[in-house]
Amino acid sequence: MKSEKMDTGRKLETPGEFSNDNRTGEEMYELLKRLFPICRSITGNGVRQTLKIIQEHIPIKIHEVPTGTKVFDWTIPKEWNIKDAYVMDENGKKIIDFKKNNLHVVGYSVPIKKTVSLSELEEHLYSHPEQPEAIPYVFSYYKERWGFCIAHKDRENLKEGKYKVFIDSELKEGSLTYGELIIPGKSKKEIFLSTYVCHPSMANNELSGPVVTTFLAKWILSKPRKYTYRIIFIPETIGSITYLSKNLDVMKQNVIAGFNISCVGDNGVYSYLPSRNGDTYADKIALNILSFKHPTFIKYSFLDKGSDERQYNSPGVDLPVCCIMRSKYGEYPEYHTSLDNLEFVSSDGLKGAYDLFKECIRLIEENGKYKIKCLGEPQLGKRGLYPTISAKSSAKEVKSMMDFISYADGKNDLIEIGNKINVPVWELYPIIEKLLKADLLEIVS
Amino acid sequence: MKSEKMDTGRKLETPGEFSNDNRTGEEMYELLKRLFPICRSITGNGVRQTLKIIQEHIPIKIHEVPTGTKVFDWTIPKEWNIKDAYVMDENGKKIIDFKKNNLHVVGYSVPIKKTVSLSELEEHLYSHPEQPEAIPYVFSYYKERWGFCIAHKDRENLKEGKYKVFIDSELKEGSLTYGELIIPGKSKKEIFLSTYVCHPSMANNELSGPVVTTFLAKWILSKPRKYTYRIIFIPETIGSITYLSKNLDVMKQNVIAGFNISCVGDNGVYSYLPSRNGDTYADKIALNILSFKHPTFIKYSFLDKGSDERQYNSPGVDLPVCCIMRSKYGEYPEYHTSLDNLEFVSSDGLKGAYDLFKECIRLIEENGKYKIKCLGEPQLGKRGLYPTISAKSSAKEVKSMMDFISYADGKNDLIEIGNKINVPVWELYPIIEKLLKADLLEIVS
Amino acid sequence: MKSEKMDTGRKLETPGEFSNDNRTGEEMYELLKRLFPICRSITGNGVRQTLKIIQEHIPIKIHEVPTGTKVFDWTIPKEWNIKDAYVMDENGKKIIDFKKNNLHVVGYSVPIKKTVSLSELEEHLYSHPEQPEAIPYVFSYYKERWGFCIAHKDRENLKEGKYKVFIDSELKEGSLTYGELIIPGKSKKEIFLSTYVCHPSMANNELSGPVVTTFLAKWILSKPRKYTYRIIFIPETIGSITYLSKNLDVMKQNVIAGFNISCVGDNGVYSYLPSRNGDTYADKIALNILSFKHPTFIKYSFLDKGSDERQYNSPGVDLPVCCIMRSKYGEYPEYHTSLDNLEFVSSDGLKGAYDLFKECIRLIEENGKYKIKCLGEPQLGKRGLYPTISAKSSAKEVKSMMDFISYADGKNDLIEIGNKINVPVWELYPIIEKLLKADLLEIVS
């Protein structure tokens, strides 16, 4: 079933480098599996439970913002929790059961306990005729209503009769919950990672984001670092607006690059969605790494936006944030349905994205403007960096080094040099090390 | 005949929106028909008569500039008028007759009354062998000569013999005549429209220009307006040079955008000819409107220039003027011949161009830099501007509004926003109105 | 043989304008033929002998820089000279003989006189299996070794046995030799021409460069000139580094455009290799002239660099130097082998490049910012520069002049105008002359 869907949906990345040994990938997949069954929404215990499990991996701080708090143009809504829900037919059979799949209930449904006719029930049912196997994901955060989501093939089998509808939910004054981890570095300047934890049982969109982000945080914590890292696990939209309303000033001052991390768990080719004007430092980083590591990546327009990059790029906020994804939200048929499940993602899919972000972060950490210290080309031969005999082809062996030197003018940074000489930055790192050791290179601050 | 010509000539616009009700188009066509028979040139009574008829529609002021006046590098020539002209064969038959078509006489021909041999006559005849049916349009403003224009098929039938040539014209101290209408607005800043009234009986080039401009002026007069409008009806080249020599300072100070209006009456696809550097405000307006309204428009180079845009864009003059046309002068076979006649233009052709200029003018009037008043996205849902339930596709319905908001940063004007989000400005006007009403938007001055 | 090679190698320029009378081409070819047999290297008597012959044509000054002198990151090496060398088989037959082709000895080989086995000999032999007919060009300037170069087909015929190897060379304290010609102009600002004289018997790379440069210098000397010319004949790499280390300050102050002249003698299509950032005045000149004169030219990247442009464009040196070549070094199979011989180049090939550089130099000499002196178009008709009768096509005859005028705004230079109006600069020179004579044009300094 799934692979047939695939054919009409996303392009798959060529199977990669992890097939034999991918422990980090498997650990990420395990965490994702553990988080999957929890019923999350933009508020409520599902978010708290998710953040507590993440706390077992990294020391995030959990924040609560009370219902009614004004956050920019918005107000924190009531907190929503749900224990059970079903639709029962006249024979006492649960034909829709929240306990089987939490997507069955429209998010933020008010409590209901009522017997209704089929026609009244129909007014509260949501299904996708074009995807008859899929339970759609539907929510209604800011207008009180109730409803059920159902696979269209099951909906078509519903018979005339009476149905008992039952939703044991609660909408009350409470709070919005989010997680935050600030990892200090030598510099106050920040790299910002944002991901969201408000989706119920779906895998690529969205548990892959929090899972990959958790493991990135773990890796960052394990290394010496130049920059400070601001990493947040929030509900989408209302969460980023809430977070910005509390932290915008310091973020505008410090964030040099940020990524919204979403849809990073499947095996689809990589996707890039630029910042509003497409020219921030985050965009330059993302484009350099993607171009060399995954040159077949899909470049979307900012008009294809849909996640928290909308808030980070809104006028007046203007943070340097772009998105790197695998199969982008809204662009694969399984998106926002029960088909975005544990089979849709993989340990290799997660690991590929994880490695990509690591490469981006490494580039930010290593980047700088380098300047060759002598005039004219240095004599590499006497330092053992150049062949001593010149035959027709020998020059090629040190081409990358010579090309790097010819652009190391103290004005170009690593990204610009890499782009100009068409060499991945990870091939430049050892060259830089050799040239620094030979005292031929300096870093321009 | 005509449609065969068409095949080798211009591309036709798909028939449009006016087929059922096009009163303005018909009124324009009527005016054009009335003006058609008049023998115009760069000076003389034909121009005066034309401007007087236009005065019946709009209150233009008629100016006279005496022969001999220095205008920049030029001098106003003698005034030319003509009453009659013909070539008569030995049988007393008028084989060429000015009264049948005023194109038969070379413009600015000196008076002549003489009997000549065929071979002497031939030296004064002009025809187009490649368009045997067409009487060409020829003139000689700055060197005194006489001549007749004739369809090449008729020329080939001329027999040896004596011919009586007669031109009852007059070249004398007089004046150059032009019309001017200044429509004041709230701002001193001006929108400039220029068209020319120096061509004898031809329809697209050029009566369509004065006719469409007359009706645009009528419409402008009927509306409240922000800007001042400077609208002139002049002879080509010497007229624009004359006008600039008298008004350049105030125009350089005030004109923010201008259009040379010519060749706007047929059903050909639209044409755009940029200003000298292609980057003036007029160019941005024209390109935005054309791209969305008539995306198949032909984009010419400034090197294809040929009308008064040459003067408006000359070094030191440097006014922000470009051209929007239908079939461009010089690019259709009927151009500058008797085939550019009343059948070549249409009420729909005129109306299409009229509507296009109206849209350009409206954009200039409405344009500005808009800024969303809140940080982060506004909560449109609570204002009834966003669907309250989120299913897979619902976001699309308000996409234009969301996209507009995301670029309403107080730096982009309507043109830039429209271009970036790929939405025609006329779809943005109602969005702006809604957002202003909701107090979410401000205009940055 | 050769033409078969060609097929897989370079693209040939369509045979040109010189077939009947090409005296300069023939004189250049004669000089090349005379210089060909000399055994040049980066130091030594071959360079001196070459420069002395060039002195018969132009008054270059010959400089000597002693062994051991520090030049930037480098040190002038010992001077190398060679009298004879061979490999003799057991029958006393010279199977490799320096006197037959000086490419047979690895450049900078230390002296040797020894009898060796075939296997020991093999360790000192260089050949190209993929070009079995060609003797490769190999050198080892900075590490002392000895070796012989041999056609691979001959190497394969070597039999087991004893071989007498003999190299009568000398490596000693001496000097590096180069030639320099400063031709003063009205301005201190300089045009810089650099070519190299360190290659043994090869024709396109590199005797064509010194030969064409010699004749360019002759032509420059014969003409009045605005600019000063700095013309140098140096050994590659160590020579340009040496020259820069002595002259960088004055060159950085004065050089406005420079060309590295190499590989300019064959009949291949023209090649352009930009400066480091591709945007210097030299690049603009080269691109304009090549685009109009040889529009099929190949545009290389700076990453394809390989000659002295590396030094002139190195960070901190940053001189405005690019390369114009015919078949580029490294890009034709005969490169750096004995097949780059007198047959590979031609008098027409040399003359084509010579003319191209002349056109570039003429453009630099003639270039400036021109401004039309009147507002609006000038009335060309009264000056006899415009037809007095206007028929459909007459405007075309003066189109270039009208187009030139419309961009002569005092801001565009000749290159920019030519590029914008798509007219070669050599067609603009007579137009400028006419307009200056009519007092319609001024030069903006």
# chains A, B, ... in the order shown; residues from 1 in each chain; ligands from 1
>>> select_by_dssp(residues="region 320-353 of chain A", states="alpha helix (DSSP H)", output="ChimeraX atom specification")
/A:347-353
>>> write_last_selection(atoms="N, CA, C and O atoms", output="tab-separated table (two decimals), in the first residue's frame")
chain	number	residue	atom	x	y	z
A	347	SER	N	15.12	4.80	10.54
A	347	SER	CA	16.33	5.21	11.24
A	347	SER	C	17.32	5.86	10.27
A	347	SER	O	18.01	6.81	10.62
A	348	ASP	N	17.37	5.39	9.04
A	348	ASP	CA	18.24	6.02	8.04
A	348	ASP	C	17.76	7.42	7.69
A	348	ASP	O	18.55	8.34	7.50
A	349	GLY	N	16.45	7.55	7.57
A	349	GLY	CA	15.87	8.86	7.26
A	349	GLY	C	16.24	9.87	8.33
A	349	GLY	O	16.69	10.99	8.04
A	350	LEU	N	16.06	9.48	9.58
A	350	LEU	CA	16.38	10.38	10.70
A	350	LEU	C	17.87	10.71	10.71
A	350	LEU	O	18.27	11.85	10.90
A	351	LYS	N	18.68	9.68	10.51
A	351	LYS	CA	20.12	9.86	10.60
A	351	LYS	C	20.64	10.79	9.48
A	351	LYS	O	21.55	11.60	9.70
A	352	GLY	N	20.07	10.65	8.29
A	352	GLY	CA	20.48	11.52	7.19
A	352	GLY	C	20.26	12.98	7.54
A	352	GLY	O	21.15	13.83	7.33
A	353	ALA	N	19.10	13.27	8.09
A	353	ALA	CA	18.79	14.66	8.46
A	353	ALA	C	19.69	15.12	9.60
A	353	ALA	O	20.20	16.25	9.60
>>> select_by_dssp(residues="region 326-408 of chain A", states="strand (DSSP E)", output="list in words")
Lys369, Tyr370, Lys371 and Ile372 of chain A
>>> closest_residue(among="A:Tyr163, A:Tyr329, A:Tyr370, A:Tyr407", to="Asp89 (chain A)", atoms="only C-alpha atoms")
A:Tyr163
>>> interface_residues(of="chain C", to="chain B", cutoff="10 Å", atoms="only C-alpha atoms", output="PyMOL selection string")
chain C and resi 371-382+387-393+395+399-400+402-403+405-411+420-422+440
>>> atom_distance(atom1="CA of Val345 (chain B)", atom2="CA of Glu133 (chain B)")
18.4 Å
>>> residues_around(residues="Ile60 (chain B)", least_positions_apart="2", cutoff="12 Å", atoms="only C-alpha atoms", output="number ranges by chain")
B: 48, 50-58, 62-63, 178-183, 213-214, 217-218, 221, 230-234
>>> atom_distance(atom1="CA of Pro200 (chain A)", atom2="CA of Ala85 (chain A)")
14.6 Å
>>> atom_distance(atom1="CA of Cys323 (chain A)", atom2="CA of Ser262 (chain A)")
7.8 Å
